[in-house]
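J.: Got a file for you: work_14.tsv, TSV, C-alpha atoms and all ligand atoms.
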chain	number	residue	atom	x	y	z
A	23	MET	CA	-33.83	-21.85	31.23
A	24	THR	CA	-30.47	-23.51	31.90
A	25	ALA	CA	-28.54	-21.56	29.29
A	26	ASN	CA	-28.41	-18.31	31.25
A	27	LEU	CA	-27.29	-19.86	34.51
A	28	ASP	CA	-23.73	-20.86	33.70
A	29	VAL	CA	-22.38	-17.55	32.44
A	30	THR	CA	-18.82	-18.26	33.60
A	31	GLY	CA	-18.85	-21.54	31.71
A	32	LEU	CA	-20.04	-19.75	28.60
A	33	GLU	CA	-17.42	-17.03	29.00
A	34	ALA	CA	-14.72	-19.67	29.43
A	35	MET	CA	-15.86	-21.42	26.26
A	36	LEU	CA	-15.93	-18.15	24.30
A	37	THR	CA	-12.41	-17.41	25.56
A	38	ARG	CA	-11.23	-20.87	24.51
A	39	LEU	CA	-12.79	-20.36	21.08
A	40	LYS	CA	-11.15	-16.90	20.94
A	41	LEU	CA	-14.54	-15.28	20.40
A	42	THR	CA	-13.52	-12.35	22.54
A	43	ALA	CA	-15.81	-9.73	21.01
A	44	ILE	CA	-18.86	-11.90	21.75
A	45	ARG	CA	-17.52	-12.61	25.25
A	46	ASP	CA	-16.80	-8.97	26.11
A	47	GLN	CA	-20.12	-7.64	24.82
A	48	LEU	CA	-22.25	-10.67	25.59
A	49	ASP	CA	-25.00	-8.98	27.60
A	50	ALA	CA	-25.29	-6.02	25.24
A	51	LEU	CA	-25.35	-8.26	22.17
A	52	LEU	CA	-27.97	-10.62	23.64
A	53	ASP	CA	-30.12	-7.67	24.73
A	54	GLU	CA	-29.89	-6.20	21.24
A	55	ALA	CA	-30.76	-9.57	19.65
A	56	ALA	CA	-33.80	-9.81	21.93
A	57	ARG	CA	-34.81	-6.22	21.25
A	58	ARG	CA	-34.72	-6.94	17.51
A	59	ASP	CA	-36.68	-10.13	18.10
A	60	LEU	CA	-34.10	-12.23	16.21
A	61	ASN	CA	-34.62	-15.98	15.84
A	62	LEU	CA	-31.73	-18.29	16.79
A	63	ARG	CA	-30.13	-18.36	13.37
A	64	GLU	CA	-30.36	-14.56	13.04
A	65	ALA	CA	-28.98	-14.08	16.53
A	66	LEU	CA	-26.03	-16.35	15.78
A	67	THR	CA	-25.35	-14.40	12.60
A	68	PHE	CA	-25.53	-11.14	14.57
A	69	LEU	CA	-23.00	-12.44	17.13
A	70	CYS	CA	-20.65	-13.69	14.41
A	71	GLU	CA	-20.81	-10.31	12.69
A	72	ALA	CA	-19.72	-8.59	15.90
A	73	GLU	CA	-16.80	-11.02	16.25
A	74	ILE	CA	-15.72	-10.63	12.63
A	75	ALA	CA	-15.94	-6.83	12.83
A	76	ARG	CA	-13.54	-6.78	15.77
A	77	LYS	CA	-11.13	-9.30	14.19
A	78	ASP	CA	-11.11	-7.33	10.91
A	79	ALA	CA	-10.46	-4.04	12.72
A	80	ARG	CA	-7.56	-5.62	14.60
A	81	ARG	CA	-6.10	-7.18	11.45
A	82	ILE	CA	-6.29	-3.87	9.59
A	83	ARG	CA	-4.73	-1.98	12.52
A	84	MET	CA	-1.83	-4.43	12.65
A	85	GLY	CA	-1.44	-4.49	8.85
A	86	LEU	CA	-1.26	-0.69	8.74
A	87	SER	CA	1.33	-0.56	11.49
A	88	MET	CA	3.47	-3.24	9.80
A	89	ALA	CA	3.26	-1.48	6.41
A	90	LYS	CA	5.01	1.60	7.81
A	91	PHE	CA	3.35	4.08	5.49
A	92	PRO	CA	5.00	7.52	5.74
A	93	ALA	CA	1.62	9.30	5.93
A	94	VAL	CA	-2.12	8.68	5.96
A	95	ARG	CA	-3.51	9.00	2.45
A	96	SER	CA	-6.73	7.53	1.03
A	97	LEU	CA	-8.44	7.22	-2.31
A	98	ASP	CA	-11.34	9.25	-0.92
A	99	GLY	CA	-8.88	12.06	-0.29
A	100	PHE	CA	-7.58	12.03	-3.86
A	101	ASP	CA	-9.04	14.81	-6.00
A	102	PHE	CA	-9.45	13.16	-9.41
A	103	GLU	CA	-10.74	16.37	-10.96
A	104	ALA	CA	-7.52	18.14	-10.08
A	105	GLN	CA	-5.56	15.38	-11.80
A	106	PRO	CA	-7.30	14.60	-15.13
A	107	SER	CA	-4.36	12.51	-16.40
A	108	VAL	CA	-5.23	9.87	-13.80
A	109	ASP	CA	-7.88	7.44	-15.04
A	110	ALA	CA	-10.28	7.21	-12.08
A	111	LYS	CA	-11.79	4.01	-13.49
A	112	GLN	CA	-8.35	2.35	-13.66
A	113	VAL	CA	-7.58	3.42	-10.09
A	114	ARG	CA	-10.94	2.07	-8.89
A	115	GLU	CA	-10.16	-1.25	-10.59
A	116	LEU	CA	-6.73	-1.30	-8.89
A	117	ALA	CA	-8.45	-0.54	-5.57
A	118	THR	CA	-10.10	-3.99	-5.76
A	119	SER	CA	-6.54	-5.34	-5.19
A	120	ARG	CA	-7.01	-8.10	-7.77
A	121	TRP	CA	-3.58	-7.14	-9.11
A	122	VAL	CA	-2.11	-7.78	-5.65
A	123	ALA	CA	-3.69	-11.23	-5.51
A	124	ASN	CA	-2.28	-11.93	-9.00
A	125	GLY	CA	1.24	-10.78	-8.08
A	126	ASP	CA	1.22	-8.04	-10.74
A	127	THR	CA	3.23	-4.82	-10.83
A	128	VAL	CA	1.91	-1.26	-10.75
A	129	LEU	CA	4.12	1.57	-11.96
A	130	LEU	CA	3.14	5.12	-11.02
A	131	LEU	CA	5.18	7.50	-13.12
A	132	GLY	CA	5.26	11.28	-13.25
A	133	PRO	CA	6.96	14.50	-12.19
A	134	PRO	CA	7.20	15.70	-8.56
A	135	GLY	CA	4.05	16.49	-6.60
A	136	VAL	CA	1.46	14.91	-8.90
A	137	GLY	CA	0.20	12.36	-6.36
A	138	LYS	CA	2.33	9.25	-6.93
A	139	THR	CA	3.09	8.62	-3.25
A	140	HIS	CA	-0.50	9.55	-2.33
A	141	LEU	CA	-1.90	6.88	-4.68
A	142	ALA	CA	0.77	4.36	-3.66
A	143	ILE	CA	-0.23	4.67	0.00
A	144	ALA	CA	-3.95	4.67	-0.83
A	145	LEU	CA	-3.66	1.49	-2.95
A	146	GLY	CA	-1.49	-0.10	-0.25
A	147	ARG	CA	-4.18	0.61	2.33
A	148	GLU	CA	-6.86	-0.88	0.06
A	149	ALA	CA	-4.74	-4.05	-0.21
A	150	ILE	CA	-4.52	-4.28	3.59
A	151	HIS	CA	-8.28	-3.86	3.90
A	152	ARG	CA	-8.64	-6.83	1.55
A	153	GLY	CA	-6.41	-9.00	3.69
A	154	HIS	CA	-3.01	-8.64	2.01
A	155	SER	CA	0.25	-7.91	3.82
A	156	VAL	CA	2.01	-4.75	2.64
A	157	VAL	CA	5.41	-3.14	3.23
A	158	PHE	CA	6.20	0.40	2.12
A	159	THR	CA	9.81	1.50	1.57
A	160	HIS	CA	11.84	4.15	-0.24
A	161	ALA	CA	14.13	3.02	-3.06
A	162	THR	CA	17.28	4.51	-1.49
A	163	HIS	CA	16.48	2.99	1.89
A	164	LEU	CA	15.75	-0.35	0.25
A	165	VAL	CA	19.06	-0.60	-1.61
A	166	ALA	CA	20.97	0.66	1.45
A	167	THR	CA	19.35	-2.14	3.47
A	168	LEU	CA	20.23	-4.71	0.80
A	169	ALA	CA	23.84	-3.45	0.58
A	170	LYS	CA	24.20	-3.61	4.36
A	171	ALA	CA	22.85	-7.16	4.43
A	172	HIS	CA	25.18	-8.11	1.58
A	173	ALA	CA	28.20	-6.70	3.42
A	174	ALA	CA	27.19	-8.59	6.55
A	175	GLY	CA	26.81	-11.85	4.57
A	176	VAL	CA	23.04	-12.07	5.24
A	177	LEU	CA	21.67	-10.94	1.87
A	178	GLU	CA	19.67	-14.13	1.41
A	179	ASP	CA	17.87	-13.59	4.73
A	180	LYS	CA	17.05	-9.99	3.79
A	181	ILE	CA	15.75	-10.92	0.35
A	182	ARG	CA	13.65	-13.69	1.86
A	183	GLN	CA	12.21	-11.20	4.34
A	184	LEU	CA	11.45	-8.65	1.59
A	185	ALA	CA	9.87	-11.37	-0.55
A	186	LYS	CA	7.32	-12.18	2.18
A	187	PRO	CA	4.76	-9.35	2.04
A	188	ARG	CA	2.07	-9.85	-0.56
A	189	LEU	CA	2.75	-6.30	-1.79
A	190	LEU	CA	6.02	-4.39	-1.65
A	191	VAL	CA	5.74	-0.65	-2.36
A	192	VAL	CA	8.98	1.01	-3.48
A	193	ASP	CA	8.68	4.79	-3.56
A	194	GLU	CA	10.89	7.31	-5.36
A	195	LEU	CA	12.78	5.07	-7.72
A	196	GLY	CA	15.03	7.15	-9.95
A	197	TYR	CA	15.49	10.30	-7.85
A	198	LEU	CA	18.99	9.05	-7.09
A	199	PRO	CA	20.65	6.76	-9.66
A	200	PHE	CA	21.79	3.39	-8.33
A	201	GLU	CA	25.42	2.30	-8.19
A	202	ALA	CA	26.12	-0.87	-10.18
A	203	GLU	CA	26.13	-3.00	-7.02
A	204	ALA	CA	22.82	-1.52	-5.85
A	205	SER	CA	21.25	-2.31	-9.23
A	206	HIS	CA	22.38	-5.93	-8.99
A	207	LEU	CA	20.95	-6.23	-5.49
A	208	PHE	CA	17.66	-4.66	-6.58
A	209	PHE	CA	17.54	-7.07	-9.53
A	210	GLN	CA	17.87	-10.03	-7.16
A	211	LEU	CA	14.91	-8.80	-5.15
A	212	VAL	CA	12.77	-8.19	-8.25
A	213	ALA	CA	13.71	-11.63	-9.62
A	214	ARG	CA	12.73	-13.27	-6.33
A	215	ARG	CA	9.37	-11.55	-6.15
A	216	TYR	CA	8.62	-11.98	-9.85
A	217	GLU	CA	5.28	-13.78	-10.37
A	218	ARG	CA	5.09	-14.44	-6.64
A	219	GLY	CA	4.47	-11.11	-4.94
A	220	ALA	CA	3.06	-7.85	-6.22
A	221	MET	CA	5.14	-4.68	-6.41
A	222	LEU	CA	4.16	-1.05	-6.70
A	223	LEU	CA	6.88	1.36	-7.80
A	224	THR	CA	6.75	5.11	-8.12
A	225	SER	CA	9.24	7.03	-10.23
A	226	ASN	CA	9.81	10.49	-11.64
A	227	ARG	CA	11.50	8.87	-14.66
A	228	SER	CA	9.78	7.33	-17.66
A	229	VAL	CA	10.45	3.64	-18.23
A	230	GLY	CA	12.69	4.59	-21.18
A	231	GLU	CA	15.02	6.41	-18.77
A	232	TRP	CA	15.46	3.50	-16.37
A	233	GLY	CA	18.71	2.53	-18.09
A	234	HIS	CA	20.21	5.66	-16.46
A	235	VAL	CA	18.59	4.90	-13.12
A	236	PHE	CA	20.17	1.46	-12.94
A	237	GLY	CA	23.48	2.47	-14.50
A	238	ASP	CA	23.88	-0.81	-16.32
A	239	PRO	CA	21.52	-1.17	-19.34
A	240	VAL	CA	21.71	-4.98	-19.18
A	241	VAL	CA	20.50	-5.04	-15.58
A	242	ALA	CA	17.91	-2.35	-16.36
A	243	THR	CA	16.52	-4.52	-19.17
A	244	ALA	CA	16.39	-7.59	-16.94
A	245	ILE	CA	14.60	-5.64	-14.19
A	246	LEU	CA	12.14	-4.02	-16.59
A	247	ASP	CA	11.45	-7.28	-18.39
A	248	ARG	CA	10.16	-8.78	-15.15
A	249	LEU	CA	8.40	-5.67	-13.86
A	250	LEU	CA	6.58	-4.99	-17.11
A	251	HIS	CA	5.50	-8.59	-17.77
A	252	HIS	CA	2.27	-8.34	-15.73
A	253	SER	CA	2.05	-4.62	-15.20
A	254	HIS	CA	-0.34	-1.70	-14.94
A	255	VAL	CA	1.33	1.59	-15.81
A	256	LEU	CA	-0.18	4.93	-14.75
A	257	THR	CA	1.58	7.94	-16.18
A	258	ILE	CA	0.56	11.08	-14.35
A	259	ARG	CA	1.13	14.45	-16.00
A	260	GLY	CA	0.61	18.04	-15.00
A	261	GLU	CA	1.88	20.39	-12.39
A	262	SER	CA	2.68	19.71	-8.76
A	263	TYR	CA	-0.33	19.65	-6.43
A	264	ARG	CA	1.94	21.10	-3.75
A	265	LEU	CA	2.68	24.19	-5.86
A	266	LYS	CA	-0.92	24.47	-6.97
A	267	ALA	CA	-2.04	24.58	-3.34
A	268	LYS	CA	0.64	27.17	-2.53
A	269	ARG	CA	-0.34	29.32	-5.46
A	270	ARG	CA	-4.00	29.22	-4.44
A	271	SER	CA	-2.97	30.53	-1.05
A	272	GLY	CA	-0.91	33.28	-2.75
A	273	LEU	CA	2.46	32.01	-1.47
A	274	VAL	CA	3.92	31.42	-4.93
A	275	GLU	CA	3.34	33.45	-8.06
A	276	THR	CA	2.80	31.68	-11.38
A	277	THR	CA	5.76	33.40	-13.03
A	278	ARG	CA	8.14	32.49	-10.22
A	279	VAL	CA	7.09	28.83	-10.42
A	280	LEU	CA	7.59	28.76	-14.17
A	281	ASN	CA	10.99	30.44	-13.85
A	282	ALA	CA	12.06	28.00	-11.19
A	283	THR	CA	11.38	25.05	-13.42
A	284	THR	CA	13.15	26.39	-16.51
B	1	LIG	N1	-5.05	14.84	-6.89
B	1	LIG	C1	-4.75	15.06	-5.59
B	1	LIG	N2	-5.72	15.19	-4.67
B	1	LIG	C2	-5.44	15.42	-3.36
B	1	LIG	N3	-4.18	15.57	-2.88
B	1	LIG	C3	-3.17	15.45	-3.74
B	1	LIG	C4	-3.38	15.18	-5.14
B	1	LIG	N4	-2.19	15.12	-5.75
B	1	LIG	C5	-1.28	15.32	-4.80
B	1	LIG	N5	-1.85	15.53	-3.59
B	1	LIG	C6	-1.18	15.86	-2.33
B	1	LIG	O1	-0.06	16.67	-2.67
B	1	LIG	C7	1.09	16.28	-1.94
B	1	LIG	C8	2.14	15.79	-2.92
B	1	LIG	O2	1.71	14.57	-3.51
B	1	LIG	P1	2.63	13.27	-3.54
B	1	LIG	O3	3.56	13.27	-2.37
B	1	LIG	O4	1.77	12.08	-3.71
B	1	LIG	O5	3.45	13.58	-4.86
B	1	LIG	P2	4.53	12.69	-5.61
B	1	LIG	O6	4.04	12.51	-7.00
B	1	LIG	O7	4.82	11.48	-4.81
B	1	LIG	O8	5.78	13.69	-5.62
B	1	LIG	P3	7.34	13.36	-5.48
B	1	LIG	O9	7.78	12.81	-6.80
B	1	LIG	O10	7.95	14.70	-5.22
B	1	LIG	O11	7.52	12.41	-4.36
B	1	LIG	C9	0.63	15.21	-0.96
B	1	LIG	O12	0.31	15.82	0.26
B	1	LIG	C10	-0.63	14.63	-1.63
B	1	LIG	O13	-1.53	14.12	-0.66
B	2	MG	MG	6.45	10.91	-3.71
I'd like the structure from this file rewritten - as structure tokens, please.
T.:
Amino acid sequence: MTANLDVTGLEAMLTRLKLTAIRDQLDALLDEAARRDLNLREALTFLCEAEIARKDARRIRMGLSMAKFPAVRSLDGFDFEAQPSVDAKQVRELATSRWVANGDTVLLLGPPGVGKTHLAIALGREAIHRGHSVVFTHATHLVATLAKAHAAGVLEDKIRQLAKPRLLVVDELGYLPFEAEASHLFFQLVARRYERGAMLLTSNRSVGEWGHVFGDPVVATAILDRLLHHSHVLTIRGESYRLKAKRRSGLVETTRVLNATT
């Protein structure tokens, strides 16, 4: 048996091939393969699986840290029964991330607290698990960043950077209306990503109200034209999950909530 003798040589080769999971767990993996009585092909498959599992875990960890999600939210944690206006089948289809691969747009629309950001993060995480790069940002932060880059004469660099991730999530579009300049900058980003990279936008405004959001109806039309071309629109209705949870715990009375919203 010559194979077992030169362990250092084998470790060096595994290092050179960057098969670090196999290298680090070599004895345990070989023992397990022997215990399961695997033939050579099965053993090789078993070793490759261990390597791929570690590489996938690392890729997902890095992808999640680069995405800068504001919180941890998952599809498993979304209560579809509490939100009947959300089509669970449509969300499950979106969770395959085919739309991300196609460079499509997803619009999540609805009033405060109905789960838009929750679903945006959850779908973003699904995309990362399927190997796509994702960046999450808030609309106001995004346009402030673009305006700063514009003022510094480096807008092109910024737009190129924001065009890179396979999916760009823009949360809370419409809570604060854009100035004319901000709308033009946002348009440039949308135009650059159009048919190249996927976007997911959340908004408390219906699409018909976006003229107000962008100030200028001409720019609003140009933005919407591109966003809606290959789009999946989810309109969520109903009351805020935050208030529902508070009411269940007795912190808010139904009448007070209703009064506050009228
Ligand atoms: N159907 C649901 N199942 C489980 N948790 C939910 C559901 N809907 C909302 N939540 C939770 O309620 C809170 C509010 O939801 P979220 O932040 O997604 O609302 P939103 O629609 O983005 O609101 P806003 O417009 O104010 O930003 C979050 O903690 C979210 O995880
Ligand atoms: Mg939100």
J.: Just give me the gap between atom CA of A:Thr118 and atom CA of A:Arg152 in Å, one decimal is fine.
T.: 8.0 Å
J.: Could you list, as a ChimeraX atom specification, every residue within 8 Å of A:Ile82, counting only C-alpha atoms and ignoring same-chain residues fewer than 2 positions away?
T.: /A:78-80,84-86,150-151,153
J.: Counting all atoms listed in the file, which residues of chain A sit at most 10 Å from some atom of ligand MG 2 (chain B), and what is each one's closest atom pair with its distance in Å to one decimal, listed by chain and rising residue number, as CSV?
T.:
residue,atom,partner,partner_atom,distance
A:Leu130,CA,B:MG2,MG,9.9
A:Gly132,CA,B:MG2,MG,9.6
A:Pro133,CA,B:MG2,MG,9.2
A:Pro134,CA,B:MG2,MG,6.9
A:Gly135,CA,B:MG2,MG,6.7
A:Val136,CA,B:MG2,MG,8.2
A:Gly137,CA,B:MG2,MG,6.9
A:Lys138,CA,B:MG2,MG,5.5
A:Thr139,CA,B:MG2,MG,4.1
A:His140,CA,B:MG2,MG,7.2
A:Leu141,CA,B:MG2,MG,9.3
A:Ala142,CA,B:MG2,MG,8.7
A:Ile143,CA,B:MG2,MG,9.9
A:His160,CA,B:MG2,MG,9.3
A:Asp193,CA,B:MG2,MG,6.5
A:Glu194,CA,B:MG2,MG,5.9
A:Leu195,CA,B:MG2,MG,9.5
A:Tyr197,CA,B:MG2,MG,10.0
A:Thr224,CA,B:MG2,MG,7.3
A:Ser225,CA,B:MG2,MG,8.1
A:Asn226,CA,B:MG2,MG,8.6
J.: Quote the spacing between atom CA of A:Val108 and atom CA of A:Leu131 in Å to one decimal place.
T.: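 These atoms are spaced 10.7 Å apart.
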J.: Report the distance between atom CA of A:Asn124 and atom CA of A:Arg188 in Å, rounded to one decimal place.
T.: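 Spanning atom CA of A:Asn124 to atom CA of A:Arg188 is a straight-line distance of 9.7 Å.
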J.: Quick one: of A:His172, A:Arg83, A:His154, A:Arg95, who's nearest to ligand LIG 1 (chain B), counting only C-alpha atoms and all ligand atoms?
T.: A:Arg95
J.: Could you tell me which of A:Pro199, A:Pro92, A:Arg214, A:Lys77 comes closest to A:Glu231 if we count all atoms listed in the file?
T.: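 Comparing A:Pro199, A:Pro92, A:Arg214, A:Lys77 against A:Glu231, the winner is A:Pro199.
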J.: Is it possible to get the residues within 12 Å of (3.1, -10.6, -12.4) (coordinates as in the file, counting only C-alpha atoms) written as a VMD selection string?
T.: chain A and resid 120 to 128 188 to 189 212 to 222 246 to 254
J.: Rank nothing, just name the residue among A:Phe200, A:Phe236, A:Phe102, A:Phe208 nearest to ligand LIG 1 (chain B), using only C-alpha atoms and all ligand atoms.
T.: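 Of A:Phe200, A:Phe236, A:Phe102, A:Phe208, the one nearest ligand LIG 1 (chain B), counting only C-alpha atoms and all ligand atoms, is A:Phe102.
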J.: With only C-alpha atoms and all ligand atoms as the basis for distance, which of A:Ala144, A:Ala104, A:Ala173, A:Val191 is at the shortest distance from ligand LIG 1 (chain B)?
T.: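 Among the listed residues, A:Ala104 lies closest to ligand LIG 1 (chain B).
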J.: Can you sort out the box for stretch 189-195 of chain A, edges along x, y and z, all listed atoms in, 4 Å on every side, with centre and edge lengths in Å to one decimal, as JSON?
T.:
{"center_x": 7.8, "center_y": 0.5, "center_z": -4.7, "size_x": 18.0, "size_y": 21.6, "size_z": 14.1}
J.: Nearest to A:Val229 among A:Ala204, A:Val113, A:Ala169, A:Ile245, with distances taken over only C-alpha atoms: which residue is it?
T.: A:Ile245
J.: In the coordinates of the file, take the point (-26.7, -9.7, 24.9) and a cut-off of 12 Å; then, counting all atoms listed in the file, name each qualifying protein, DNA or RNA residue as a list in words.
T.: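 Looking at atoms near the point gives Asn26, Val29, Ala43, Ile44, Arg45, Asp46, Gln47, Leu48, Asp49, Ala50, Leu51, Leu52, Asp53, Glu54, Ala55, Ala56, Arg57, Arg58, Leu60, Ala65, Leu66, Phe68, Leu69 and Ala72 of chain A.
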J.: Output as a PDB file, in the coordinates of the input: stretch 107-132 of chain A, completed with N, CA and C atoms.
T.:
ATOM      1  N   SER A 107      -5.147  13.541 -15.709  1.00  0.00           N
ATOM      2  CA  SER A 107      -4.360  12.510 -16.400  1.00  0.00           C
ATOM      3  C   SER A 107      -4.462  11.155 -15.695  1.00  0.00           C
ATOM      4  N   VAL A 108      -5.038  11.140 -14.492  1.00  0.00           N
ATOM      5  CA  VAL A 108      -5.230   9.870 -13.800  1.00  0.00           C
ATOM      6  C   VAL A 108      -6.614   9.318 -14.165  1.00  0.00           C
ATOM      7  N   ASP A 109      -6.640   8.086 -14.648  1.00  0.00           N
ATOM      8  CA  ASP A 109      -7.880   7.440 -15.040  1.00  0.00           C
ATOM      9  C   ASP A 109      -8.572   6.889 -13.773  1.00  0.00           C
ATOM     10  N   ALA A 110      -9.610   7.592 -13.338  1.00  0.00           N
ATOM     11  CA  ALA A 110     -10.280   7.210 -12.080  1.00  0.00           C
ATOM     12  C   ALA A 110     -10.798   5.771 -12.145  1.00  0.00           C
ATOM     13  N   LYS A 111     -11.256   5.370 -13.338  1.00  0.00           N
ATOM     14  CA  LYS A 111     -11.790   4.010 -13.490  1.00  0.00           C
ATOM     15  C   LYS A 111     -10.666   2.975 -13.260  1.00  0.00           C
ATOM     16  N   GLN A 112      -9.491   3.271 -13.831  1.00  0.00           N
ATOM     17  CA  GLN A 112      -8.350   2.350 -13.660  1.00  0.00           C
ATOM     18  C   GLN A 112      -7.949   2.263 -12.184  1.00  0.00           C
ATOM     19  N   VAL A 113      -7.955   3.419 -11.512  1.00  0.00           N
ATOM     20  CA  VAL A 113      -7.580   3.420 -10.090  1.00  0.00           C
ATOM     21  C   VAL A 113      -8.619   2.638  -9.274  1.00  0.00           C
ATOM     22  N   ARG A 114      -9.899   2.812  -9.613  1.00  0.00           N
ATOM     23  CA  ARG A 114     -10.940   2.070  -8.890  1.00  0.00           C
ATOM     24  C   ARG A 114     -10.784   0.561  -9.099  1.00  0.00           C
ATOM     25  N   GLU A 115     -10.398   0.175 -10.311  1.00  0.00           N
ATOM     26  CA  GLU A 115     -10.160  -1.250 -10.590  1.00  0.00           C
ATOM     27  C   GLU A 115      -8.953  -1.739  -9.741  1.00  0.00           C
ATOM     28  N   LEU A 116      -7.894  -0.913  -9.696  1.00  0.00           N
ATOM     29  CA  LEU A 116      -6.730  -1.300  -8.890  1.00  0.00           C
ATOM     30  C   LEU A 116      -7.093  -1.378  -7.404  1.00  0.00           C
ATOM     31  N   ALA A 117      -8.059  -0.554  -6.983  1.00  0.00           N
ATOM     32  CA  ALA A 117      -8.450  -0.540  -5.570  1.00  0.00           C
ATOM     33  C   ALA A 117      -9.106  -1.863  -5.149  1.00  0.00           C
ATOM     34  N   THR A 118      -9.541  -2.672  -6.120  1.00  0.00           N
ATOM     35  CA  THR A 118     -10.100  -3.990  -5.760  1.00  0.00           C
ATOM     36  C   THR A 118      -8.988  -4.940  -5.298  1.00  0.00           C
ATOM     37  N   SER A 119      -7.731  -4.566  -5.589  1.00  0.00           N
ATOM     38  CA  SER A 119      -6.540  -5.340  -5.190  1.00  0.00           C
ATOM     39  C   SER A 119      -6.435  -6.691  -5.906  1.00  0.00           C
ATOM     40  N   ARG A 120      -7.173  -6.857  -6.995  1.00  0.00           N
ATOM     41  CA  ARG A 120      -7.010  -8.100  -7.770  1.00  0.00           C
ATOM     42  C   ARG A 120      -5.571  -8.242  -8.247  1.00  0.00           C
ATOM     43  N   TRP A 121      -4.969  -7.104  -8.626  1.00  0.00           N
ATOM     44  CA  TRP A 121      -3.580  -7.140  -9.110  1.00  0.00           C
ATOM     45  C   TRP A 121      -2.627  -7.622  -8.015  1.00  0.00           C
ATOM     46  N   VAL A 122      -2.967  -7.321  -6.761  1.00  0.00           N
ATOM     47  CA  VAL A 122      -2.110  -7.780  -5.650  1.00  0.00           C
ATOM     48  C   VAL A 122      -2.231  -9.298  -5.532  1.00  0.00           C
ATOM     49  N   ALA A 123      -3.478  -9.777  -5.593  1.00  0.00           N
ATOM     50  CA  ALA A 123      -3.690 -11.230  -5.510  1.00  0.00           C
ATOM     51  C   ALA A 123      -2.979 -11.946  -6.651  1.00  0.00           C
ATOM     52  N   ASN A 124      -2.919 -11.308  -7.833  1.00  0.00           N
ATOM     53  CA  ASN A 124      -2.280 -11.930  -9.000  1.00  0.00           C
ATOM     54  C   ASN A 124      -0.764 -11.796  -9.001  1.00  0.00           C
ATOM     55  N   GLY A 125      -0.212 -10.990  -8.095  1.00  0.00           N
ATOM     56  CA  GLY A 125       1.240 -10.780  -8.080  1.00  0.00           C
ATOM     57  C   GLY A 125       1.715  -9.872  -9.203  1.00  0.00           C
ATOM     58  N   ASP A 126       0.854  -8.968  -9.654  1.00  0.00           N
ATOM     59  CA  ASP A 126       1.220  -8.040 -10.740  1.00  0.00           C
ATOM     60  C   ASP A 126       2.043  -6.866 -10.217  1.00  0.00           C
ATOM     61  N   THR A 127       2.468  -6.026 -11.169  1.00  0.00           N
ATOM     62  CA  THR A 127       3.230  -4.820 -10.830  1.00  0.00           C
ATOM     63  C   THR A 127       2.421  -3.588 -11.223  1.00  0.00           C
ATOM     64  N   VAL A 128       2.473  -2.560 -10.381  1.00  0.00           N
ATOM     65  CA  VAL A 128       1.910  -1.260 -10.750  1.00  0.00           C
ATOM     66  C   VAL A 128       3.040  -0.242 -10.774  1.00  0.00           C
ATOM     67  N   LEU A 129       3.132   0.496 -11.872  1.00  0.00           N
ATOM     68  CA  LEU A 129       4.120   1.570 -11.960  1.00  0.00           C
ATOM     69  C   LEU A 129       3.378   2.891 -11.976  1.00  0.00           C
ATOM     70  N   LEU A 130       3.707   3.778 -11.043  1.00  0.00           N
ATOM     71  CA  LEU A 130       3.140   5.120 -11.020  1.00  0.00           C
ATOM     72  C   LEU A 130       4.239   6.090 -11.414  1.00  0.00           C
ATOM     73  N   LEU A 131       4.108   6.662 -12.595  1.00  0.00           N
ATOM     74  CA  LEU A 131       5.180   7.500 -13.120  1.00  0.00           C
ATOM     75  C   LEU A 131       4.711   8.942 -13.267  1.00  0.00           C
ATOM     76  N   GLY A 132       5.633   9.888 -13.070  1.00  0.00           N
ATOM     77  CA  GLY A 132       5.260  11.280 -13.250  1.00  0.00           C
ATOM     78  C   GLY A 132       6.184  12.224 -12.517  1.00  0.00           C
TER      79      GLY A 132
END
